[in-house]
Structure formats: structure tokens, C-alpha cells
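Q: The following file, protein-v2.cif, comprises mmCIF, C-alpha atoms, pLDDT in the B column; chains and numbers go by the auth columns:
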data_run
loop_
_atom_site.group_PDB
_atom_site.id
_atom_site.type_symbol
_atom_site.label_atom_id
_atom_site.label_comp_id
_atom_site.label_asym_id
_atom_site.label_seq_id
_atom_site.Cartn_x
_atom_site.Cartn_y
_atom_site.Cartn_z
_atom_site.B_iso_or_equiv
_atom_site.auth_seq_id
_atom_site.auth_asym_id
ATOM 1 C CA ALA A 1 81.784 118.184 106.480 78.00 1124 A
ATOM 2 C CA GLN A 2 81.411 115.660 103.709 85.00 1125 A
ATOM 3 C CA SER A 3 84.063 114.365 101.356 90.00 1126 A
ATOM 4 C CA VAL A 4 84.585 111.748 98.683 94.00 1127 A
ATOM 5 C CA ALA A 5 87.787 110.015 97.653 96.00 1128 A
ATOM 6 C CA GLN A 6 88.380 108.237 94.379 96.00 1129 A
ATOM 7 C CA PRO A 7 91.847 106.802 94.898 96.00 1130 A
ATOM 8 C CA GLU A 8 92.547 105.869 91.286 96.00 1131 A
ATOM 9 C CA ASP A 9 92.996 108.487 88.598 95.00 1132 A
ATOM 10 C CA GLN A 10 92.698 105.818 85.933 97.00 1133 A
ATOM 11 C CA VAL A 11 91.546 102.224 85.717 98.00 1134 A
ATOM 12 C CA ASN A 12 92.483 100.049 82.778 98.00 1135 A
ATOM 13 C CA VAL A 13 90.607 96.862 81.996 98.00 1136 A
ATOM 14 C CA ALA A 14 90.294 94.548 79.025 98.00 1137 A
ATOM 15 C CA GLU A 15 86.971 94.236 77.274 97.00 1138 A
ATOM 16 C CA GLY A 16 84.931 91.401 78.723 97.00 1139 A
ATOM 17 C CA ASN A 17 86.655 91.523 82.094 98.00 1140 A
ATOM 18 C CA PRO A 18 84.961 92.736 85.269 97.00 1141 A
ATOM 19 C CA LEU A 19 85.634 96.302 86.315 97.00 1142 A
ATOM 20 C CA THR A 20 85.655 98.105 89.629 98.00 1143 A
ATOM 21 C CA VAL A 21 85.932 101.839 90.205 98.00 1144 A
ATOM 22 C CA LYS A 22 86.566 102.662 93.833 98.00 1145 A
ATOM 23 C CA CYS A 23 84.924 105.315 95.993 98.00 1146 A
ATOM 24 C CA THR A 24 85.077 106.016 99.713 97.00 1147 A
ATOM 25 C CA TYR A 25 83.213 108.748 101.523 95.00 1148 A
ATOM 26 C CA SER A 26 83.086 110.644 104.774 93.00 1149 A
ATOM 27 C CA VAL A 27 79.933 112.187 106.240 89.00 1150 A
ATOM 28 C CA SER A 28 78.673 113.113 109.677 86.00 1151 A
ATOM 29 C CA GLY A 29 75.448 111.186 109.366 84.00 1152 A
ATOM 30 C CA ASN A 30 74.262 108.642 106.849 86.00 1153 A
ATOM 31 C CA PRO A 31 74.959 109.161 103.170 90.00 1154 A
ATOM 32 C CA TYR A 32 73.101 109.414 99.956 92.00 1155 A
ATOM 33 C CA LEU A 33 75.577 108.183 97.341 95.00 1156 A
ATOM 34 C CA PHE A 34 75.619 108.713 93.591 96.00 1157 A
ATOM 35 C CA TRP A 35 77.623 107.697 90.554 97.00 1158 A
ATOM 36 C CA TYR A 36 77.803 109.799 87.416 97.00 1159 A
ATOM 37 C CA VAL A 37 79.508 109.142 84.098 96.00 1160 A
ATOM 38 C CA GLN A 38 80.930 111.723 81.728 95.00 1161 A
ATOM 39 C CA TYR A 39 81.620 110.831 78.117 93.00 1162 A
ATOM 40 C CA PRO A 40 83.972 113.063 76.099 88.00 1163 A
ATOM 41 C CA ASN A 41 82.571 116.531 75.463 85.00 1164 A
ATOM 42 C CA ARG A 42 79.366 115.715 77.321 88.00 1165 A
ATOM 43 C CA GLY A 43 77.757 116.606 80.638 90.00 1166 A
ATOM 44 C CA LEU A 44 77.607 114.380 83.677 94.00 1167 A
ATOM 45 C CA GLN A 45 75.034 111.653 83.310 94.00 1168 A
ATOM 46 C CA PHE A 46 73.406 109.979 86.304 94.00 1169 A
ATOM 47 C CA LEU A 47 74.167 106.242 86.600 96.00 1170 A
ATOM 48 C CA LEU A 48 72.813 105.070 89.936 96.00 1171 A
ATOM 49 C CA LYS A 49 72.309 105.999 93.549 95.00 1172 A
ATOM 50 C CA TYR A 50 72.032 104.519 97.011 95.00 1173 A
ATOM 51 C CA ILE A 51 69.292 105.940 99.199 90.00 1174 A
ATOM 52 C CA THR A 52 68.336 103.182 101.590 87.00 1175 A
ATOM 53 C CA GLY A 53 67.553 99.497 101.629 88.00 1176 A
ATOM 54 C CA ASP A 54 69.459 96.898 99.649 91.00 1177 A
ATOM 55 C CA ASN A 55 73.194 97.575 99.715 93.00 1178 A
ATOM 56 C CA LEU A 56 73.560 96.453 96.102 96.00 1179 A
ATOM 57 C CA VAL A 57 72.214 99.050 93.730 96.00 1180 A
ATOM 58 C CA LYS A 58 71.691 98.430 90.036 95.00 1181 A
ATOM 59 C CA GLY A 59 71.842 101.216 87.517 94.00 1182 A
ATOM 60 C CA SER A 60 72.077 102.042 83.855 90.00 1183 A
ATOM 61 C CA TYR A 61 74.154 100.172 81.246 92.00 1184 A
ATOM 62 C CA GLY A 62 74.656 97.118 83.474 95.00 1185 A
ATOM 63 C CA PHE A 63 76.488 98.983 86.210 97.00 1186 A
ATOM 64 C CA GLU A 64 75.964 98.279 89.883 97.00 1187 A
ATOM 65 C CA ALA A 65 77.433 99.564 93.117 98.00 1188 A
ATOM 66 C CA GLU A 66 77.679 98.153 96.585 96.00 1189 A
ATOM 67 C CA PHE A 67 77.209 100.291 99.649 96.00 1190 A
ATOM 68 C CA ASN A 68 79.431 99.164 102.525 96.00 1191 A
ATOM 69 C CA LYS A 69 78.797 101.175 105.651 94.00 1192 A
ATOM 70 C CA SER A 70 81.585 99.655 107.731 94.00 1193 A
ATOM 71 C CA GLN A 71 84.159 100.453 105.059 96.00 1194 A
ATOM 72 C CA THR A 72 82.448 103.707 104.058 96.00 1195 A
ATOM 73 C CA SER A 73 82.700 102.649 100.442 97.00 1196 A
ATOM 74 C CA PHE A 74 80.495 102.687 97.373 98.00 1197 A
ATOM 75 C CA HIS A 75 82.469 100.953 94.631 98.00 1198 A
ATOM 76 C CA LEU A 76 81.114 100.887 91.096 98.00 1199 A
ATOM 77 C CA LYS A 77 81.190 97.539 89.325 98.00 1200 A
ATOM 78 C CA LYS A 78 80.291 95.865 86.088 97.00 1201 A
ATOM 79 C CA PRO A 79 80.649 92.129 85.386 97.00 1202 A
ATOM 80 C CA SER A 80 81.832 92.533 81.801 97.00 1203 A
ATOM 81 C CA ALA A 81 83.357 95.759 80.499 97.00 1204 A
ATOM 82 C CA LEU A 82 82.688 97.191 77.069 97.00 1205 A
ATOM 83 C CA VAL A 83 84.913 99.513 75.082 97.00 1206 A
ATOM 84 C CA SER A 84 82.015 101.950 75.093 96.00 1207 A
ATOM 85 C CA ASP A 85 82.237 102.137 78.904 97.00 1208 A
ATOM 86 C CA SER A 86 85.436 104.138 78.541 97.00 1209 A
ATOM 87 C CA ALA A 87 84.660 107.463 80.202 97.00 1210 A
ATOM 88 C CA LEU A 88 85.206 109.556 83.308 96.00 1211 A
ATOM 89 C CA TYR A 89 83.333 108.381 86.394 97.00 1212 A
ATOM 90 C CA PHE A 90 82.434 110.524 89.387 96.00 1213 A
ATOM 91 C CA CYS A 91 81.277 109.432 92.807 97.00 1214 A
ATOM 92 C CA ALA A 92 79.269 111.937 94.877 95.00 1215 A
ATOM 93 C CA VAL A 93 77.738 112.133 98.340 92.00 1216 A
ATOM 94 C CA ARG A 94 75.096 114.120 100.152 88.00 1217 A
ATOM 95 C CA ASP A 95 74.907 113.896 103.947 83.00 1218 A
ATOM 96 C CA ARG A 96 71.420 113.163 105.284 77.00 1219 A
ATOM 97 C CA MET A 97 72.265 115.083 108.446 72.00 1220 A
ATOM 98 C CA ASP A 98 73.489 118.218 106.680 68.00 1221 A
ATOM 99 C CA THR A 99 70.101 119.579 105.744 64.00 1222 A
ATOM 100 C CA GLY A 100 71.573 122.986 105.000 64.00 1223 A
ATOM 101 C CA ARG A 101 73.693 121.705 102.175 67.00 1224 A
ATOM 102 C CA ARG A 102 71.823 120.644 99.094 73.00 1225 A
ATOM 103 C CA ALA A 103 74.877 120.438 96.876 81.00 1226 A
ATOM 104 C CA LEU A 104 76.534 117.127 96.195 87.00 1227 A
ATOM 105 C CA THR A 105 80.194 116.710 97.044 90.00 1228 A
ATOM 106 C CA PHE A 106 82.030 115.076 94.163 92.00 1229 A
ATOM 107 C CA GLY A 107 85.167 113.008 94.014 93.00 1230 A
ATOM 108 C CA SER A 108 88.006 113.888 91.672 93.00 1231 A
ATOM 109 C CA GLY A 109 86.899 111.404 89.050 95.00 1232 A
ATOM 110 C CA THR A 110 88.350 108.149 87.703 97.00 1233 A
ATOM 111 C CA ARG A 111 89.060 107.652 84.050 97.00 1234 A
ATOM 112 C CA LEU A 112 88.069 104.178 82.904 97.00 1235 A
ATOM 113 C CA GLN A 113 89.849 102.863 79.848 97.00 1236 A
ATOM 114 C CA VAL A 114 88.568 99.603 78.377 97.00 1237 A
ATOM 115 C CA GLN A 115 90.907 98.018 75.868 96.00 1238 A
ATOM 116 C CA PRO A 116 89.546 95.898 73.030 94.00 1239 A
ATOM 117 C CA ASP B 1 61.090 117.185 80.031 64.00 463 B
ATOM 118 C CA ALA B 2 63.991 118.583 78.038 80.00 464 B
ATOM 119 C CA GLY B 3 66.400 118.370 80.939 93.00 465 B
ATOM 120 C CA VAL B 4 68.706 121.161 82.029 96.00 466 B
ATOM 121 C CA ILE B 5 69.344 123.541 79.139 96.00 467 B
ATOM 122 C CA GLN B 6 72.487 125.600 78.786 97.00 468 B
ATOM 123 C CA SER B 7 73.489 128.197 76.249 96.00 469 B
ATOM 124 C CA PRO B 8 75.675 128.798 74.468 97.00 470 B
ATOM 125 C CA ARG B 9 77.280 125.384 74.101 96.00 471 B
ATOM 126 C CA HIS B 10 80.553 126.917 72.999 96.00 472 B
ATOM 127 C CA GLU B 11 81.931 130.391 73.542 97.00 473 B
ATOM 128 C CA VAL B 12 85.179 131.851 72.298 97.00 474 B
ATOM 129 C CA THR B 13 86.029 135.355 73.434 97.00 475 B
ATOM 130 C CA GLU B 14 88.953 137.626 73.928 97.00 476 B
ATOM 131 C CA MET B 15 90.472 138.553 77.240 97.00 477 B
ATOM 132 C CA GLY B 16 88.685 141.483 78.827 97.00 478 B
ATOM 133 C CA GLN B 17 85.328 140.777 77.254 97.00 479 B
ATOM 134 C CA GLU B 18 82.183 140.076 79.215 97.00 480 B
ATOM 135 C CA VAL B 19 80.837 136.544 79.034 98.00 481 B
ATOM 136 C CA THR B 20 77.321 135.489 80.020 98.00 482 B
ATOM 137 C CA LEU B 21 76.358 131.857 80.393 98.00 483 B
ATOM 138 C CA ARG B 22 72.723 130.860 80.659 98.00 484 B
ATOM 139 C CA CYS B 23 70.861 128.008 82.269 98.00 485 B
ATOM 140 C CA LYS B 24 67.282 126.811 82.369 97.00 486 B
ATOM 141 C CA PRO B 25 66.732 124.193 85.095 97.00 487 B
ATOM 142 C CA ILE B 26 64.301 121.331 84.924 95.00 488 B
ATOM 143 C CA SER B 27 60.786 122.579 85.533 94.00 489 B
ATOM 144 C CA GLY B 28 59.787 122.181 89.173 92.00 490 B
ATOM 145 C CA HIS B 29 63.339 121.969 90.456 93.00 491 B
ATOM 146 C CA ASN B 30 64.003 124.523 93.176 90.00 492 B
ATOM 147 C CA SER B 31 67.776 124.219 93.504 92.00 493 B
ATOM 148 C CA LEU B 32 70.254 125.241 90.838 95.00 494 B
ATOM 149 C CA PHE B 33 74.019 124.753 90.827 95.00 495 B
ATOM 150 C CA TRP B 34 76.873 126.175 88.752 96.00 496 B
ATOM 151 C CA TYR B 35 80.052 124.103 88.398 95.00 497 B
ATOM 152 C CA ARG B 36 83.315 124.617 86.591 96.00 498 B
ATOM 153 C CA GLN B 37 85.424 121.763 85.236 94.00 499 B
ATOM 154 C CA THR B 38 89.089 122.020 84.329 92.00 500 B
ATOM 155 C CA MET B 39 91.835 119.472 83.904 88.00 501 B
ATOM 156 C CA MET B 40 93.822 120.969 86.755 88.00 502 B
ATOM 157 C CA ARG B 41 91.086 121.456 89.335 87.00 503 B
ATOM 158 C CA GLY B 42 88.472 118.917 88.329 88.00 504 B
ATOM 159 C CA LEU B 43 84.817 119.663 89.060 90.00 505 B
ATOM 160 C CA GLU B 44 84.315 122.706 91.304 90.00 506 B
ATOM 161 C CA LEU B 45 81.055 124.006 92.744 92.00 507 B
ATOM 162 C CA LEU B 46 80.890 127.741 92.130 95.00 508 B
ATOM 163 C CA ILE B 47 77.521 128.709 93.572 95.00 509 B
ATOM 164 C CA TYR B 48 74.110 127.312 94.233 92.00 510 B
ATOM 165 C CA PHE B 49 70.623 128.729 94.576 93.00 511 B
ATOM 166 C CA ASN B 50 67.614 127.483 96.462 91.00 512 B
ATOM 167 C CA ASN B 51 64.252 128.999 95.537 91.00 513 B
ATOM 168 C CA ASN B 52 66.125 131.617 93.478 93.00 514 B
ATOM 169 C CA VAL B 53 68.196 132.745 96.479 93.00 515 B
ATOM 170 C CA PRO B 54 71.973 132.274 96.477 92.00 516 B
ATOM 171 C CA ILE B 55 72.829 129.947 99.340 89.00 517 B
ATOM 172 C CA ASP B 56 76.525 129.286 98.985 87.00 518 B
ATOM 173 C CA ASP B 57 78.810 131.310 96.731 89.00 519 B
ATOM 174 C CA SER B 58 82.026 130.380 98.470 88.00 520 B
ATOM 175 C CA GLY B 59 83.250 128.687 95.327 89.00 521 B
ATOM 176 C CA MET B 60 83.037 131.784 93.169 93.00 522 B
ATOM 177 C CA PRO B 61 86.671 132.486 92.330 87.00 523 B
ATOM 178 C CA GLU B 62 86.663 136.275 92.521 84.00 524 B
ATOM 179 C CA ASP B 63 84.649 139.415 92.004 90.00 525 B
ATOM 180 C CA ARG B 64 84.830 139.055 88.269 95.00 526 B
ATOM 181 C CA PHE B 65 82.297 136.264 88.585 96.00 527 B
ATOM 182 C CA SER B 66 78.652 136.889 89.385 96.00 528 B
ATOM 183 C CA ALA B 67 75.516 134.763 89.190 97.00 529 B
ATOM 184 C CA LYS B 68 71.852 135.597 89.272 96.00 530 B
ATOM 185 C CA MET B 69 68.609 133.724 89.290 97.00 531 B
ATOM 186 C CA PRO B 70 65.823 136.210 88.586 96.00 532 B
ATOM 187 C CA ASN B 71 63.157 133.518 88.463 94.00 533 B
ATOM 188 C CA ALA B 72 62.693 129.791 88.883 93.00 534 B
ATOM 189 C CA SER B 73 63.360 129.014 85.247 94.00 535 B
ATOM 190 C CA PHE B 74 66.473 131.026 84.452 96.00 536 B
ATOM 191 C CA SER B 75 69.945 131.677 85.773 98.00 537 B
ATOM 192 C CA THR B 76 73.020 133.439 84.454 98.00 538 B
ATOM 193 C CA LEU B 77 76.697 133.226 85.266 98.00 539 B
ATOM 194 C CA LYS B 78 78.626 136.294 84.201 97.00 540 B
ATOM 195 C CA ILE B 79 82.365 136.828 83.949 97.00 541 B
ATOM 196 C CA GLN B 80 83.493 140.410 83.570 96.00 542 B
ATOM 197 C CA PRO B 81 86.236 140.920 82.542 96.00 543 B
ATOM 198 C CA SER B 82 87.159 137.475 81.311 96.00 544 B
ATOM 199 C CA GLU B 83 90.709 136.115 81.514 96.00 545 B
ATOM 200 C CA PRO B 84 92.420 133.163 79.794 96.00 546 B
ATOM 201 C CA ARG B 85 92.472 131.236 83.091 95.00 547 B
ATOM 202 C CA ASP B 86 88.667 131.252 83.043 96.00 548 B
ATOM 203 C CA SER B 87 88.758 128.831 80.122 97.00 549 B
ATOM 204 C CA ALA B 88 86.861 125.760 81.260 97.00 550 B
ATOM 205 C CA VAL B 89 83.625 123.875 80.852 96.00 551 B
ATOM 206 C CA TYR B 90 80.836 125.385 82.926 97.00 552 B
ATOM 207 C CA PHE B 91 77.992 123.134 83.976 96.00 553 B
ATOM 208 C CA CYS B 92 74.622 123.964 85.372 97.00 554 B
ATOM 209 C CA ALA B 93 72.676 121.384 87.372 95.00 555 B
ATOM 210 C CA SER B 94 69.308 121.284 89.085 94.00 556 B
ATOM 211 C CA PHE B 95 67.686 119.328 91.886 89.00 557 B
ATOM 212 C CA SER B 96 64.069 119.094 92.945 87.00 558 B
ATOM 213 C CA GLY B 97 64.726 119.409 96.653 78.00 559 B
ATOM 214 C CA GLN B 98 61.639 117.354 97.410 76.00 560 B
ATOM 215 C CA ALA B 99 63.746 114.764 99.169 76.00 561 B
ATOM 216 C CA TRP B 100 67.410 114.610 99.969 72.00 562 B
ATOM 217 C CA GLY B 101 67.784 111.428 97.980 78.00 563 B
ATOM 218 C CA GLU B 102 66.628 113.047 94.778 84.00 564 B
ATOM 219 C CA THR B 103 69.021 113.101 91.846 89.00 565 B
ATOM 220 C CA GLN B 104 70.863 116.177 90.683 92.00 566 B
ATOM 221 C CA TYR B 105 70.745 116.522 86.905 94.00 567 B
ATOM 222 C CA PHE B 106 73.372 118.227 84.796 95.00 568 B
ATOM 223 C CA GLY B 107 73.155 120.254 81.638 95.00 569 B
ATOM 224 C CA PRO B 108 75.433 119.614 78.657 94.00 570 B
ATOM 225 C CA GLY B 109 77.823 122.392 79.655 96.00 571 B
ATOM 226 C CA THR B 110 79.246 125.506 78.046 97.00 572 B
ATOM 227 C CA ARG B 111 82.801 125.189 76.785 96.00 573 B
ATOM 228 C CA LEU B 112 84.440 128.578 77.268 98.00 574 B
ATOM 229 C CA LEU B 113 87.711 129.591 75.664 98.00 575 B
ATOM 230 C CA VAL B 114 89.175 132.960 76.530 97.00 576 B
ATOM 231 C CA LEU B 115 91.989 133.999 74.219 97.00 577 B
#
The structure in this file should be written as C-alpha cells.

A:
Amino acid sequence: AQSVAQPEDQVNVAEGNPLTVKCTYSVSGNPYLFWYVQYPNRGLQFLLKYITGDNLVKGSYGFEAEFNKSQTSFHLKKPSALVSDSALYFCAVRDRMDTGRRALTFGSGTRLQVQP
Amino acid sequence: DAGVIQSPRHEVTEMGQEVTLRCKPISGHNSLFWYRQTMMRGLELLIYFNNNVPIDDSGMPEDRFSAKMPNASFSTLKIQPSEPRDSAVYFCASFSGQAWGETQYFGPGTRLLVL
């Protein structure tokens, strides 16, 4: 079975400060990991993913995420937050070993609030 | 490509009425997913199809919900009869299935309100 935990319901950060949105996962094999962002009244938009290779993945809008296998984490980061980054962020996982399950497993989401 | 297309974008109906939500996946994608999002329960997977065949419908809440995928370019999610607790945003997503690392893409959602 695969699962994702996003331990923070909400993260507050001041504009210009670095931000981190946490994600930990559990899979039987090795993971494919994804981050999505949802702006108000919109669908989920793909941000970035880890497939293999470099543990630091860069994505859209200046976001990056670091895959840490020993800590089973895939935290989302950005060096300098913008007010426009305020949104709901979802982490998701797909287990490489679970070839029968094509669906992603999503975390509960973290609301990021960037204050001006 | 236009991305995943959903219709209608908004639906307001009265309790007891039938509701049909529609989805057109990205061309060439062979897996299609229906999700429901509510404040209380977050993002829930309802059902998914692979090559037009339902693979996992364990998330479908009850018999009032049904989903079909008659061909590779069209799927419907039907609620009959609808109830106020069905009010939510329903998302459709698709995935190429060519490799497990491929991205799953979401449609804009249908916001359903059952009065």
C-alpha cells in the first residue's frame, strides 16, 4: 500500500522569505513523487516530479523539491515566496512496484499563505 | 493539446435529480480518473479506467454513482438520484500510461451544488 502525509494543514510565510511545504511518503518499492498546486476555483496543476536521478528537482514558478530516500520525504521549497504563491499544495506518490495501480495517492493538501 | 476537458463547469440541481458530468481526456492517454474534492474529505479517488475498462471503483460512494467510458475520448460520471451531500467539485484526470513516471493531468473540475 502507498500513502502520503502532509503534516501541516497550513503554512504561513512572509513575502520574500523561503518557504517549505513538507511531504513524507510510504511505498513498498521505490517512488515516483509529484507536487501539484491548486489555485482557488481551479483544477490541480502539475508543478514538478521526481522520477530518478538528481535528488533535487526543479519545477515551475521557481519551485523545487528534494527527494530524501532515507527520510522518505519530498519537501517542496522556494527560496523567495510571492503573494501569488498562496494556494493549496498537494503531494502525490505512485509506487514503481505496484504495477497494478496507476492512480496516484494524494496527501491531504497544505494551504500556503504568503503575507505581503 | 487542449488538456483534459470537463463539462459542465458548474451545475446546480435539486435533490433527487439526475446529474451527468462529462470528461474528455487528453488524446492518447489510456487511463482516466474521477476524483471528488470536498472541504471535509479532501481529494478522493472515485474510480479509474484503463483502456476504457473500470479498474478500481472502490471509491464510488454508493449505488447512486455510476461511471462509464464508452470510448477512449469520453467518460461520464452519473449521480442518480442526487443528494445535497453530493455537493463537491468533481475532477477528471488522465494519464498516458506509457511509463509509470508519466504525469497525471487534471481537468478544471465541475462544481456541483445539490439543493

Q: Out of B:Pro523, B:Gly563, B:Ser535, B:Gly569, which residue has the shortest atom-to-atom distance to Asn1153 in chain A when counting only C-alpha atoms?

A: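 Nearest to Asn1153 in chain A: B:Gly563.
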
Q: Which distance in Å separates CA of Ile541 in chain B and CA of Ser528 in chain B, to one decimal?

A: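 Going from CA of Ile541 in chain B over to CA of Ser528 in chain B covers 6.6 Å.
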
Q: With only C-alpha atoms as the atoms that count, which of A:Tyr1159, A:Tyr1173, A:Tyr1148, A:Phe1213 lies nearest to Phe1190 in chain A?

A: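 Of all the options, A:Tyr1173 lies closest to Phe1190 in chain A.
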
Q: At a cut-off of 8 Å, can you tabulate as JSON lines every residue of chain B near chain A together with its closest atom pair and the distance in Å to one decimal, using all atoms listed in the file and ordering rows by chain then number?

A:
{"residue": "B:Ser493", "atom": "CA", "partner": "A:Arg1225", "partner_atom": "CA", "distance": 7.8}
{"residue": "B:Phe495", "atom": "CA", "partner": "A:Ala1226", "partner_atom": "CA", "distance": 7.5}
{"residue": "B:Gly504", "atom": "CA", "partner": "A:Ser1231", "partner_atom": "CA", "distance": 6.1}
{"residue": "B:Leu505", "atom": "CA", "partner": "A:Ser1231", "partner_atom": "CA", "distance": 7.1}
{"residue": "B:Tyr510", "atom": "CA", "partner": "A:Ala1226", "partner_atom": "CA", "distance": 7.4}
{"residue": "B:Phe553", "atom": "CA", "partner": "A:Gly1166", "partner_atom": "CA", "distance": 7.3}
{"residue": "B:Gly559", "atom": "CA", "partner": "A:Arg1225", "partner_atom": "CA", "distance": 7.6}
{"residue": "B:Trp562", "atom": "CA", "partner": "A:Arg1219", "partner_atom": "CA", "distance": 6.8}
{"residue": "B:Gly563", "atom": "CA", "partner": "A:Ile1174", "partner_atom": "CA", "distance": 5.8}
{"residue": "B:Thr565", "atom": "CA", "partner": "A:Phe1169", "partner_atom": "CA", "distance": 7.7}
{"residue": "B:Gln566", "atom": "CA", "partner": "A:Leu1227", "partner_atom": "CA", "distance": 8.0}
{"residue": "B:Tyr567", "atom": "CA", "partner": "A:Phe1169", "partner_atom": "CA", "distance": 7.1}
{"residue": "B:Phe568", "atom": "CA", "partner": "A:Leu1167", "partner_atom": "CA", "distance": 5.8}
{"residue": "B:Gly569", "atom": "CA", "partner": "A:Gly1166", "partner_atom": "CA", "distance": 6.0}
{"residue": "B:Pro570", "atom": "CA", "partner": "A:Gly1166", "partner_atom": "CA", "distance": 4.3}
{"residue": "B:Gly571", "atom": "CA", "partner": "A:Gly1166", "partner_atom": "CA", "distance": 5.9}

Q: What separation in Å, quoted to one decimal, exists between CA of Leu1211 in chain A and CA of Asp518 in chain B?

A: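 That distance, rounded to one decimal, is 26.7 Å.
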
Q: What would the selection look like, as a PDB file with C-alpha atoms, keeping the file's coordinate frame, if the PyMOL selection byres ((chain B and resi 525) around 12) were run on the coordinates I just shared?

A:
ATOM      1  CA  ASP B 519      78.810 131.310  96.731  1.00 89.00           C
ATOM      2  CA  SER B 520      82.026 130.380  98.470  1.00 88.00           C
ATOM      3  CA  GLY B 521      83.250 128.687  95.327  1.00 89.00           C
ATOM      4  CA  MET B 522      83.037 131.784  93.169  1.00 93.00           C
ATOM      5  CA  PRO B 523      86.671 132.486  92.330  1.00 87.00           C
ATOM      6  CA  GLU B 524      86.663 136.275  92.521  1.00 84.00           C
ATOM      7  CA  ARG B 526      84.830 139.055  88.269  1.00 95.00           C
ATOM      8  CA  PHE B 527      82.297 136.264  88.585  1.00 96.00           C
ATOM      9  CA  SER B 528      78.652 136.889  89.385  1.00 96.00           C
ATOM     10  CA  ALA B 529      75.516 134.763  89.190  1.00 97.00           C
ATOM     11  CA  LYS B 540      78.626 136.294  84.201  1.00 97.00           C
ATOM     12  CA  ILE B 541      82.365 136.828  83.949  1.00 97.00           C
ATOM     13  CA  GLN B 542      83.493 140.410  83.570  1.00 96.00           C
ATOM     14  CA  PRO B 543      86.236 140.920  82.542  1.00 96.00           C
ATOM     15  CA  SER B 544      87.159 137.475  81.311  1.00 96.00           C
TER      16      SER B 544
END

Q: Would you please work out which residue, of B:Arg547, B:Val474, B:His491, B:Val481, is nearest to Ala561 in chain B when using all atoms listed in the file?

A: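 Going through B:Arg547, B:Val474, B:His491, B:Val481 one by one, the smallest distance to Ala561 in chain B is for B:His491.
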